[in-house]
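The structure appears below as structure tokens.
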Amino acid sequence: MFRVLSVVLLGALSLTACAQPAAPGAAATAKPGSSPAAAPAIANADQTVRSALASLDPKFKPDYVGAAPFPGFREVLVGGQVLYVSDDGRYLMQSQPYDIKNRTPASSAGLLAYRKQLLDKVPRGERIVFAAANPKHTITVFTDIECGYCRKMHQDIPELNRQGITVEYLAFPRMGLGSQDYTDMISVWCAADRRQALTSAKQGKPVTPKNCTNPVAMQYTLGQQVGVSGTPAVFAADGTQLGGYVPPAQLVQALERAGR
């Protein structure tokens with residue numbers, strides 16, 4: 001289930017979040033700058049957008065700001081939300097654009113590179129990996145153990161592997177740090193057989209309490225940094241966010257269509 005970013009601009013901001021505190025978002029009121037086509041305006045657009053968002057709330061600090069995949073806007077990533085703000089800092093949109101030509105969610109090269117860099121830093125030994133015998137694609141999936149769609153996707157692992165898709169899980173306890181979900185995911189990551197522990201937990205079986213030095217909190221924070229707002233959150237190897245659960249055949253098509 002994905003978080004909903006709600007905004008009310010009547011002199012104050014109101015925000016609700018499902019999994020964790022979300023960053024504020026609202027239509028900015030900065031004065032329009034020069035034409036977006038002008039080089040000086042483009043050069044200063046990132047800072048203009050940051051300043052406009054800071055005018056809404058000084059604590060609003062984006063993780064990433066860069067050119068959007070369409071002209072006249074900046075792509076902003078903050079608190080697990082991807083937002084689009086006009087280069088002059090006046091307008092804000094919260095919606096995932098869709099590339100009709102390529103039949104895939106649209107993201108800029110800059111955002112993809114940002115996500116890929118962060119995801120590549122996670123050692124394979126800190127992931128729970130279900131490897132295909134003849135891998136064609138590798139996806140990173142932020143998951144929790146109680147989400148219905150996460151459980152449904154996990155049931156598809158044999159078919160995904162058969163289709164040549166290696167699934168590498170990262171932890172994202174969507175109820176937040178300190179929740180029972182978080183505690184149970186620590187137990188899964190600390191189990192002697194993490195693959196079996198994860199499978200058992202996703203089948204609704206009791207989780208045997210365990211504790212150890214673990215990456216669950218770090219992976220949860222990473223998920224927020226790359227724009228995860230719900231589970232499962234599926235990423236291709238190049239940093240493309242492919243969305244949530246889709247049947248294996250559709251996921252294969254999306255990966256092959258994009259060449260990822």
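We label chains A, B, ... in the order they appear in the structure tokens, count residues from 1 in each chain, and number ligands from 1 in the order shown.
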
- prompt: Could you write out, as a PyMOL selection string, all the residues of segment 49-93 of chain A that DSSP marks as strand (DSSP E or B)?
  reply: chain A and resi 64-67+73-78+81-86+92-93

query: Can you tell me, as a VMD selection string, what residues are no more than 9 Å from Asp184 of chain A when counting only C-alpha atoms, ignoring any on the same chain fewer than 3 positions away?
result: chain A and resid 145 173 179 to 181 187 to 189 201 207 to 210

- request: as a PyMOL selection string, list the residues of segment 37-246 of chain A assigned to helix (DSSP H, G or I) by DSSP on the backbone atoms of this structure.
  value: chain A and resi 39-56+109-120+124-126+148-155+157-162+180-190+194-202+216-226

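Of note, atom CA of Ile186 of chain A and atom CA of Ile165 of chain A are spaced 25.7 Å apart.
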
Quick one: residues within 7 Å of segment 65-69 of chain A, only C-alpha atoms counted, chain neighbours fewer than 5 positions away excluded, as a PDB file with N, CA and C atoms, in the first residue's frame?
ATOM      1  N   ASP A  46      17.668  24.486 -10.002  1.00  0.00           N
ATOM      2  CA  ASP A  46      17.755  23.621  -8.824  1.00  0.00           C
ATOM      3  C   ASP A  46      17.661  24.441  -7.543  1.00  0.00           C
ATOM      4  N   ARG A  74      11.667  20.596 -12.479  1.00  0.00           N
ATOM      5  CA  ARG A  74      12.691  19.852 -11.758  1.00  0.00           C
ATOM      6  C   ARG A  74      12.044  18.609 -11.151  1.00  0.00           C
ATOM      7  N   GLU A  75      12.805  17.555 -11.096  1.00  0.00           N
ATOM      8  CA  GLU A  75      12.390  16.316 -10.442  1.00  0.00           C
ATOM      9  C   GLU A  75      12.955  16.344  -9.025  1.00  0.00           C
ATOM     10  N   VAL A  76      12.101  16.160  -8.033  1.00  0.00           N
ATOM     11  CA  VAL A  76      12.504  16.288  -6.633  1.00  0.00           C
ATOM     12  C   VAL A  76      12.175  14.993  -5.900  1.00  0.00           C
ATOM     13  N   LEU A  77      13.148  14.491  -5.152  1.00  0.00           N
ATOM     14  CA  LEU A  77      12.944  13.282  -4.361  1.00  0.00           C
ATOM     15  C   LEU A  77      13.121  13.641  -2.895  1.00  0.00           C
ATOM     16  N   ALA A 106       8.178   7.389 -16.429  1.00  0.00           N
ATOM     17  CA  ALA A 106       9.250   8.276 -16.890  1.00  0.00           C
ATOM     18  C   ALA A 106      10.100   8.756 -15.716  1.00  0.00           C
ATOM     19  N   SER A 107      11.394   8.653 -15.883  1.00  0.00           N
ATOM     20  CA  SER A 107      12.350   9.181 -14.912  1.00  0.00           C
ATOM     21  C   SER A 107      13.523   9.769 -15.670  1.00  0.00           C
ATOM     22  N   SER A 108      14.149  10.757 -15.090  1.00  0.00           N
ATOM     23  CA  SER A 108      15.291  11.389 -15.724  1.00  0.00           C
ATOM     24  C   SER A 108      16.536  10.535 -15.565  1.00  0.00           C
ATOM     25  N   GLY A 110      19.300  11.593 -14.539  1.00  0.00           N
ATOM     26  CA  GLY A 110      19.928  11.985 -13.277  1.00  0.00           C
ATOM     27  C   GLY A 110      19.362  11.225 -12.100  1.00  0.00           C
TER      28      GLY A 110
END

Would you mind listing what lies within 10 Å of Asp120 of chain A as a PDB file with N, CA and C atoms, in the first residue's frame, with only C-alpha atoms counted and same-chain residues fewer than 6 positions away left out?
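Done, and the output landed in result02.pdb:
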ATOM      1  N   THR A 140      15.945  -5.345  -7.662  1.00  0.00           N
ATOM      2  CA  THR A 140      16.020  -5.093  -6.229  1.00  0.00           C
ATOM      3  C   THR A 140      14.611  -4.783  -5.759  1.00  0.00           C
ATOM      4  N   ALA A 237      18.023  -2.835 -12.558  1.00  0.00           N
ATOM      5  CA  ALA A 237      19.445  -2.676 -12.269  1.00  0.00           C
ATOM      6  C   ALA A 237      19.956  -1.261 -12.543  1.00  0.00           C
ATOM      7  N   ASP A 238      19.292  -0.535 -13.451  1.00  0.00           N
ATOM      8  CA  ASP A 238      19.743   0.818 -13.783  1.00  0.00           C
ATOM      9  C   ASP A 238      19.130   1.891 -12.895  1.00  0.00           C
ATOM     10  N   GLY A 239      18.336   1.475 -11.895  1.00  0.00           N
ATOM     11  CA  GLY A 239      17.722   2.437 -10.986  1.00  0.00           C
ATOM     12  C   GLY A 239      16.291   2.782 -11.330  1.00  0.00           C
TER      13      GLY A 239
END

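Distance check against Gln225 of chain A using only C-alpha atoms: of A:Phe172, A:Leu160, A:Ser86, A:Ser55, the minimum falls on A:Phe172.
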
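In this model, the gap between atom CA of Tyr114 of chain A and atom CA of Thr240 of chain A comes to 10.3 Å.
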
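Proximity of A:Ile157, A:Val49, A:Val85, A:Val216 to Thr183 of chain A, computed with only C-alpha atoms, is greatest for A:Val216.
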
field: Residue contacts of Val129 of chain A (7 Å, only C-alpha atoms) excluding same-chain residues fewer than 4 positions away, as a PyMOL selection string
entry: chain A and resi 167-169

Based on the selection just made, write N, CA and C atoms of those residues as a compact mmCIF listing (two decimals), in the first residue's frame.
# COMPACT_ATOMS: atom_id res chain seq x y z
N VAL A 167 15.86 -12.14 -7.91
CA VAL A 167 15.22 -11.20 -6.99
C VAL A 167 16.12 -10.99 -5.78
N GLU A 168 16.49 -9.75 -5.54
CA GLU A 168 17.32 -9.41 -4.38
C GLU A 168 16.50 -8.50 -3.46
N TYR A 169 16.17 -9.03 -2.28
CA TYR A 169 15.32 -8.32 -1.34
C TYR A 169 16.11 -7.39 -0.43

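Minimum atom-to-atom distances from A:Ser95, A:Asn102, A:Gln117, A:Gly89 to Gln253 of chain A were compared using only C-alpha atoms, and the lowest value belongs to A:Asn102.
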
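Restricting the calculation to only C-alpha atoms, the smallest distance between Ala236 of chain A and any of A:Ser51, A:Thr138, A:Gln163, A:Gln96 is found for A:Thr138.
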
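Nearest residue to Asp88 of chain A, choosing from A:Leu242, A:Ala45, A:Val141, A:Ile128 and counting only C-alpha atoms: A:Ala45.
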
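If only C-alpha atoms are the atoms counted, then among A:Cys190, A:Glu256, A:Lys152, A:Phe142 the closest residue to Thr221 of chain A is A:Phe142.
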